Amino acid sequence: MTAASVAVFASRVRADEKRIMAALDRRGVRHEHIDTRTYWSFVGEHPPPWRVVLNREIAHTRALYAAKMIEALGGTVVNSAAATETCGDKWRTSLALRAAGLPTPRTALGLTPQAALAALDAIGYPAVVKPLVGSWGRLVTRVPDRHMATTVMEYLDALPAPQSRIVYVQELIIKPGRDIRVIVVGGDAVGATYRHGDHWRTNVARGAQTEPCPLTDELAKLAVRAAEAVGAEIAGVDVVENADGELFVLEVNHGVEFSGFQRAVGRTVDVAGRIADHVAGRGPA
Amino acid sequence: MASCPECEGTVVLTERPQVSEIVECSECATELEVVAAEPLTLALAPEVEEDWGE
């Protein structure tokens with residue numbers, strides 16, 4: 001049995017995790033880091049020894065099962081298993097955003113690459129093909145026309161994993177060379193940044209630069225509603241503007257990375273501190 | 001201070017190391033994982049997997 005009240009689950013302790021644990025230290029919150037690669041529990045065991053688990057596992061599959069395990073034991077985990085599952089699957093995210101009535105690009109799911117090609121024809125070109133699971137913009141493909149779409153579908157058809165051949169396709173929102181990241185903690189939008197770069201995929205993991213973005217009421221409400229829609233207490237909400245300035249929610253990240261965000265916003269927002277405050281105040285439901 | 005398992009260069013950490021922390025070798029830029037803090041022991045960091053991300 002441990003004396004810690006908060007467990008930080010992570011197989012990889014990055015600058016973000018160090019900032020969160022330092023913020024917990026400053027608040028006098030007893031916490032411990034659990035390397036998820038070493039964690040196991042019996043089925044039907046007693047509740048975990050921590051009041052709350054902050055799930056910062058970088059591998060989605062492991063993060064999802066970690067959350068499910070903690071909940072199965074009767075414990076509390078942030079984000080919940082349901083939120084982690086929804087955010088980790090782009091189609092489930094789209095369904096949740098749509099059900100909440102939030103603006104999101106026109107999206108379809110094809111059960112084979114051939115079906116996805118027909119869906120792309122219906123959406124129109126240019127369009128985007130994304131893997132159902134994945135992050136950092138990895139394998140997200142801009143498809144300018146049907147010729148390219150046909151080739152991309154041939155490649156997808158050749159992939160061995162069955163899930164790779166369930167194809168998520170989406171209308172391309174022509175954005176002004178940037179997108180917007182809003183971080184939501186405990187139902188509050190704590191800040192926003194623009195992400196821009198030379199590549200059309202403006203993920204920080206792909207080298208995009210960040211700068212502060214005014215957090216308007218419209219943007220804050222949209223991000224908070226998006227986080228609520230997927231059930232995430234801590235979320236990185238990706239928003240894109242079209243040429244008319246209309247906002248669309250692209251996705252919601254359950255394991256938000258915030259080093260680039262923090263660099264951009266400086267001392268105006270303490271993301272790790274906000275996360276620490278939320279976790280410290282969080283107990284069993 | 002520890003030896004880089006890739007290039008055998010000397011890796012010096014300015015802050016107290018934490019197990020599972022990712023550091024970079026200043027000589028070869030390889031990502032390394034702290035597998036023990038005392039004594040400081042480093043291993044090659046795991047390769048990025050398909051489901052890694054936010």
# chains A, B, ... in the order shown; residues from 1 in each chain; ligands from 1
>>> interface_residues(of="chain B", to="chain A", cutoff="7 Å", atoms="only C-alpha atoms", output="list in words")
Ser20, Glu21, Ile22, Glu50, Asp51, Trp52, Gly53 and Glu54 of chain B
>>> residues_around(residues="Thr30 in chain B", least_positions_apart="6", cutoff="12 Å", atoms="only C-alpha atoms", output="PDB file with all heavy atoms, in the first residue's frame")
ATOM      1  N   CYS B   4      26.755   6.702 -22.573  1.00  0.00           N
ATOM      2  CA  CYS B   4      25.711   6.502 -23.583  1.00  0.00           C
ATOM      3  C   CYS B   4      25.854   5.089 -24.172  1.00  0.00           C
ATOM      4  O   CYS B   4      26.943   4.726 -24.648  1.00  0.00           O
ATOM      5  CB  CYS B   4      25.851   7.544 -24.696  1.00  0.00           C
ATOM      6  SG  CYS B   4      24.775   7.230 -26.107  1.00  0.00           S
ATOM      7  N   PRO B   5      24.797   4.284 -24.147  1.00  0.00           N
ATOM      8  CA  PRO B   5      24.904   2.918 -24.675  1.00  0.00           C
ATOM      9  C   PRO B   5      25.077   2.880 -26.189  1.00  0.00           C
ATOM     10  O   PRO B   5      25.437   1.848 -26.753  1.00  0.00           O
ATOM     11  CB  PRO B   5      23.569   2.278 -24.254  1.00  0.00           C
ATOM     12  CG  PRO B   5      22.638   3.413 -24.041  1.00  0.00           C
ATOM     13  CD  PRO B   5      23.465   4.580 -23.602  1.00  0.00           C
ATOM     14  N   GLU B   6      24.853   4.002 -26.853  1.00  0.00           N
ATOM     15  CA  GLU B   6      24.986   4.031 -28.312  1.00  0.00           C
ATOM     16  C   GLU B   6      26.414   4.405 -28.723  1.00  0.00           C
ATOM     17  O   GLU B   6      27.038   3.708 -29.506  1.00  0.00           O
ATOM     18  CB  GLU B   6      23.984   5.038 -28.901  1.00  0.00           C
ATOM     19  CG  GLU B   6      23.994   5.152 -30.416  1.00  0.00           C
ATOM     20  CD  GLU B   6      23.301   3.977 -31.095  1.00  0.00           C
ATOM     21  OE1 GLU B   6      22.801   3.088 -30.393  1.00  0.00           O
ATOM     22  OE2 GLU B   6      23.302   3.942 -32.335  1.00  0.00           O
ATOM     23  N   CYS B   7      26.924   5.537 -28.183  1.00  0.00           N
ATOM     24  CA  CYS B   7      28.228   6.046 -28.646  1.00  0.00           C
ATOM     25  C   CYS B   7      29.302   5.996 -27.566  1.00  0.00           C
ATOM     26  O   CYS B   7      30.447   6.400 -27.837  1.00  0.00           O
ATOM     27  CB  CYS B   7      28.067   7.469 -29.178  1.00  0.00           C
ATOM     28  SG  CYS B   7      27.826   8.710 -27.878  1.00  0.00           S
ATOM     29  N   GLU B   8      28.926   5.573 -26.369  1.00  0.00           N
ATOM     30  CA  GLU B   8      29.832   5.513 -25.220  1.00  0.00           C
ATOM     31  C   GLU B   8      30.295   6.893 -24.781  1.00  0.00           C
ATOM     32  O   GLU B   8      31.267   7.029 -24.033  1.00  0.00           O
ATOM     33  CB  GLU B   8      31.034   4.590 -25.505  1.00  0.00           C
ATOM     34  CG  GLU B   8      30.613   3.150 -25.774  1.00  0.00           C
ATOM     35  CD  GLU B   8      31.794   2.213 -25.959  1.00  0.00           C
ATOM     36  OE1 GLU B   8      32.933   2.698 -26.032  1.00  0.00           O
ATOM     37  OE2 GLU B   8      31.560   0.993 -26.028  1.00  0.00           O
ATOM     38  N   GLY B   9      29.628   7.928 -25.268  1.00  0.00           N
ATOM     39  CA  GLY B   9      29.928   9.281 -24.795  1.00  0.00           C
ATOM     40  C   GLY B   9      29.449   9.443 -23.356  1.00  0.00           C
ATOM     41  O   GLY B   9      28.660   8.647 -22.851  1.00  0.00           O
ATOM     42  N   VAL B  11      27.263  11.123 -20.611  1.00  0.00           N
ATOM     43  CA  VAL B  11      26.004  11.864 -20.494  1.00  0.00           C
ATOM     44  C   VAL B  11      25.935  12.444 -19.085  1.00  0.00           C
ATOM     45  O   VAL B  11      26.025  11.710 -18.100  1.00  0.00           O
ATOM     46  CB  VAL B  11      24.788  10.936 -20.744  1.00  0.00           C
ATOM     47  CG1 VAL B  11      23.479  11.716 -20.590  1.00  0.00           C
ATOM     48  CG2 VAL B  11      24.887  10.309 -22.124  1.00  0.00           C
ATOM     49  N   ILE B  22      13.127  10.555 -20.345  1.00  0.00           N
ATOM     50  CA  ILE B  22      13.822  10.480 -21.627  1.00  0.00           C
ATOM     51  C   ILE B  22      14.832  11.623 -21.702  1.00  0.00           C
ATOM     52  O   ILE B  22      14.489  12.785 -21.478  1.00  0.00           O
ATOM     53  CB  ILE B  22      12.822  10.584 -22.799  1.00  0.00           C
ATOM     54  CG1 ILE B  22      11.771   9.460 -22.716  1.00  0.00           C
ATOM     55  CG2 ILE B  22      13.552  10.539 -24.132  1.00  0.00           C
ATOM     56  CD1 ILE B  22      12.323   8.049 -22.792  1.00  0.00           C
ATOM     57  N   VAL B  23      16.085  11.281 -21.980  1.00  0.00           N
ATOM     58  CA  VAL B  23      17.132  12.296 -22.117  1.00  0.00           C
ATOM     59  C   VAL B  23      17.826  12.079 -23.459  1.00  0.00           C
ATOM     60  O   VAL B  23      17.620  11.059 -24.122  1.00  0.00           O
ATOM     61  CB  VAL B  23      18.156  12.214 -20.959  1.00  0.00           C
ATOM     62  CG1 VAL B  23      17.479  12.460 -19.621  1.00  0.00           C
ATOM     63  CG2 VAL B  23      18.858  10.862 -20.945  1.00  0.00           C
ATOM     64  N   GLU B  24      18.622  13.050 -23.855  1.00  0.00           N
ATOM     65  CA  GLU B  24      19.307  12.941 -25.139  1.00  0.00           C
ATOM     66  C   GLU B  24      20.809  12.983 -24.912  1.00  0.00           C
ATOM     67  O   GLU B  24      21.302  13.813 -24.140  1.00  0.00           O
ATOM     68  CB  GLU B  24      18.873  14.094 -26.047  1.00  0.00           C
ATOM     69  CG  GLU B  24      19.336  13.940 -27.479  1.00  0.00           C
ATOM     70  CD  GLU B  24      18.776  15.046 -28.372  1.00  0.00           C
ATOM     71  OE1 GLU B  24      17.579  15.007 -28.691  1.00  0.00           O
ATOM     72  OE2 GLU B  24      19.562  15.949 -28.724  1.00  0.00           O
ATOM     73  N   LEU B  42      21.521   4.221 -18.174  1.00  0.00           N
ATOM     74  CA  LEU B  42      20.772   4.635 -19.366  1.00  0.00           C
ATOM     75  C   LEU B  42      20.652   3.472 -20.344  1.00  0.00           C
ATOM     76  O   LEU B  42      21.563   2.650 -20.459  1.00  0.00           O
ATOM     77  CB  LEU B  42      21.484   5.804 -20.047  1.00  0.00           C
ATOM     78  CG  LEU B  42      21.704   7.054 -19.185  1.00  0.00           C
ATOM     79  CD1 LEU B  42      22.626   8.042 -19.901  1.00  0.00           C
ATOM     80  CD2 LEU B  42      20.374   7.714 -18.852  1.00  0.00           C
ATOM     81  N   ALA B  43      19.531   3.441 -21.057  1.00  0.00           N
ATOM     82  CA  ALA B  43      19.332   2.458 -22.130  1.00  0.00           C
ATOM     83  C   ALA B  43      18.765   3.203 -23.331  1.00  0.00           C
ATOM     84  O   ALA B  43      18.252   4.323 -23.191  1.00  0.00           O
ATOM     85  CB  ALA B  43      18.361   1.373 -21.673  1.00  0.00           C
ATOM     86  N   LEU B  44      18.830   2.586 -24.481  1.00  0.00           N
ATOM     87  CA  LEU B  44      18.221   3.209 -25.660  1.00  0.00           C
ATOM     88  C   LEU B  44      16.716   3.349 -25.406  1.00  0.00           C
ATOM     89  O   LEU B  44      16.070   2.403 -24.946  1.00  0.00           O
ATOM     90  CB  LEU B  44      18.461   2.349 -26.905  1.00  0.00           C
ATOM     91  CG  LEU B  44      19.920   2.215 -27.367  1.00  0.00           C
ATOM     92  CD1 LEU B  44      19.988   1.322 -28.603  1.00  0.00           C
ATOM     93  CD2 LEU B  44      20.520   3.580 -27.683  1.00  0.00           C
ATOM     94  N   ALA B  45      16.163   4.495 -25.704  1.00  0.00           N
ATOM     95  CA  ALA B  45      14.731   4.715 -25.495  1.00  0.00           C
ATOM     96  C   ALA B  45      13.945   3.849 -26.473  1.00  0.00           C
ATOM     97  O   ALA B  45      14.412   3.574 -27.591  1.00  0.00           O
ATOM     98  CB  ALA B  45      14.390   6.181 -25.694  1.00  0.00           C
ATOM     99  N   PRO B  46      12.735   3.423 -26.070  1.00  0.00           N
ATOM    100  CA  PRO B  46      11.929   2.604 -26.992  1.00  0.00           C
ATOM    101  C   PRO B  46      11.634   3.356 -28.292  1.00  0.00           C
ATOM    102  O   PRO B  46      11.485   4.583 -28.291  1.00  0.00           O
ATOM    103  CB  PRO B  46      10.631   2.361 -26.209  1.00  0.00           C
ATOM    104  CG  PRO B  46      10.980   2.628 -24.786  1.00  0.00           C
ATOM    105  CD  PRO B  46      12.064   3.660 -24.800  1.00  0.00           C
ATOM    106  N   GLU B  47      11.555   2.590 -29.364  1.00  0.00           N
ATOM    107  CA  GLU B  47      11.190   3.182 -30.656  1.00  0.00           C
ATOM    108  C   GLU B  47       9.721   3.602 -30.631  1.00  0.00           C
ATOM    109  O   GLU B  47       8.897   2.972 -29.960  1.00  0.00           O
ATOM    110  CB  GLU B  47      11.384   2.147 -31.775  1.00  0.00           C
ATOM    111  CG  GLU B  47      12.833   1.746 -32.023  1.00  0.00           C
ATOM    112  CD  GLU B  47      13.632   2.829 -32.726  1.00  0.00           C
ATOM    113  OE1 GLU B  47      13.020   3.568 -33.522  1.00  0.00           O
ATOM    114  OE2 GLU B  47      14.843   2.942 -32.466  1.00  0.00           O
TER     115      GLU B  47
END
>>> select_by_dssp(residues="chain B", states="strand (DSSP E)", output="list in words")
Ala2, Ser3, Thr10, Val11, Ile22, Val23, Glu24, Glu31, Leu32, Glu33, Val34, Val35, Ala36, Ala37, Leu40, Thr41, Leu42, Ala43 and Leu44 of chain B
>>> write_last_selection(atoms="N, CA and C atoms", output="PDB file, in the first residue's frame")
ATOM      1  N   ALA B   2      26.721   9.186 -16.747  1.00  0.00           N
ATOM      2  CA  ALA B   2      26.659   7.788 -17.194  1.00  0.00           C
ATOM      3  C   ALA B   2      27.164   7.722 -18.630  1.00  0.00           C
ATOM      4  N   SER B   3      27.342   6.520 -19.088  1.00  0.00           N
ATOM      5  CA  SER B   3      27.843   6.319 -20.436  1.00  0.00           C
ATOM      6  C   SER B   3      26.684   6.083 -21.392  1.00  0.00           C
ATOM      7  N   THR B  10      29.916  10.512 -22.730  1.00  0.00           N
ATOM      8  CA  THR B  10      29.529  10.759 -21.342  1.00  0.00           C
ATOM      9  C   THR B  10      28.269  11.613 -21.309  1.00  0.00           C
ATOM     10  N   VAL B  11      27.263  11.123 -20.611  1.00  0.00           N
ATOM     11  CA  VAL B  11      26.004  11.864 -20.494  1.00  0.00           C
ATOM     12  C   VAL B  11      25.935  12.444 -19.085  1.00  0.00           C
ATOM     13  N   ILE B  22      13.127  10.555 -20.345  1.00  0.00           N
ATOM     14  CA  ILE B  22      13.822  10.480 -21.627  1.00  0.00           C
ATOM     15  C   ILE B  22      14.832  11.623 -21.702  1.00  0.00           C
ATOM     16  N   VAL B  23      16.085  11.281 -21.980  1.00  0.00           N
ATOM     17  CA  VAL B  23      17.132  12.296 -22.117  1.00  0.00           C
ATOM     18  C   VAL B  23      17.826  12.079 -23.459  1.00  0.00           C
ATOM     19  N   GLU B  24      18.622  13.050 -23.855  1.00  0.00           N
ATOM     20  CA  GLU B  24      19.307  12.941 -25.139  1.00  0.00           C
ATOM     21  C   GLU B  24      20.809  12.983 -24.912  1.00  0.00           C
ATOM     22  N   GLU B  31      18.105   9.269 -28.324  1.00  0.00           N
ATOM     23  CA  GLU B  31      17.186   9.335 -27.183  1.00  0.00           C
ATOM     24  C   GLU B  31      17.479   8.181 -26.241  1.00  0.00           C
ATOM     25  N   LEU B  32      17.613   8.508 -24.966  1.00  0.00           N
ATOM     26  CA  LEU B  32      17.948   7.500 -23.966  1.00  0.00           C
ATOM     27  C   LEU B  32      16.918   7.528 -22.850  1.00  0.00           C
ATOM     28  N   GLU B  33      16.718   6.368 -22.255  1.00  0.00           N
ATOM     29  CA  GLU B  33      15.785   6.269 -21.137  1.00  0.00           C
ATOM     30  C   GLU B  33      16.564   6.019 -19.853  1.00  0.00           C
ATOM     31  N   VAL B  34      16.182   6.725 -18.809  1.00  0.00           N
ATOM     32  CA  VAL B  34      16.772   6.487 -17.493  1.00  0.00           C
ATOM     33  C   VAL B  34      16.120   5.225 -16.937  1.00  0.00           C
ATOM     34  N   VAL B  35      16.899   4.148 -16.816  1.00  0.00           N
ATOM     35  CA  VAL B  35      16.330   2.899 -16.283  1.00  0.00           C
ATOM     36  C   VAL B  35      16.657   2.733 -14.803  1.00  0.00           C
ATOM     37  N   ALA B  36      17.632   3.467 -14.307  1.00  0.00           N
ATOM     38  CA  ALA B  36      17.907   3.502 -12.861  1.00  0.00           C
ATOM     39  C   ALA B  36      18.509   4.864 -12.554  1.00  0.00           C
ATOM     40  N   ALA B  37      18.112   5.412 -11.407  1.00  0.00           N
ATOM     41  CA  ALA B  37      18.589   6.750 -11.047  1.00  0.00           C
ATOM     42  C   ALA B  37      19.867   6.688 -10.225  1.00  0.00           C
ATOM     43  N   LEU B  40      23.113   6.133 -11.902  1.00  0.00           N
ATOM     44  CA  LEU B  40      22.462   6.498 -13.160  1.00  0.00           C
ATOM     45  C   LEU B  40      22.783   5.461 -14.239  1.00  0.00           C
ATOM     46  N   THR B  41      21.722   4.880 -14.777  1.00  0.00           N
ATOM     47  CA  THR B  41      21.876   3.870 -15.823  1.00  0.00           C
ATOM     48  C   THR B  41      20.967   4.225 -16.988  1.00  0.00           C
ATOM     49  N   LEU B  42      21.521   4.221 -18.174  1.00  0.00           N
ATOM     50  CA  LEU B  42      20.772   4.635 -19.366  1.00  0.00           C
ATOM     51  C   LEU B  42      20.652   3.472 -20.344  1.00  0.00           C
ATOM     52  N   ALA B  43      19.531   3.441 -21.057  1.00  0.00           N
ATOM     53  CA  ALA B  43      19.332   2.458 -22.130  1.00  0.00           C
ATOM     54  C   ALA B  43      18.765   3.203 -23.331  1.00  0.00           C
ATOM     55  N   LEU B  44      18.830   2.586 -24.481  1.00  0.00           N
ATOM     56  CA  LEU B  44      18.221   3.209 -25.660  1.00  0.00           C
ATOM     57  C   LEU B  44      16.716   3.349 -25.406  1.00  0.00           C
TER      58      LEU B  44
END
>>> atom_distance(atom1="CA of Gly101 in chain A", atom2="CA of Ala226 in chain A")
9.6 Å
>>> closest_residue(among="A:Glu32, A:Arg178, A:His199, A:Leu109", to="Val19 in chain B", atoms="only C-alpha atoms")
A:Glu32
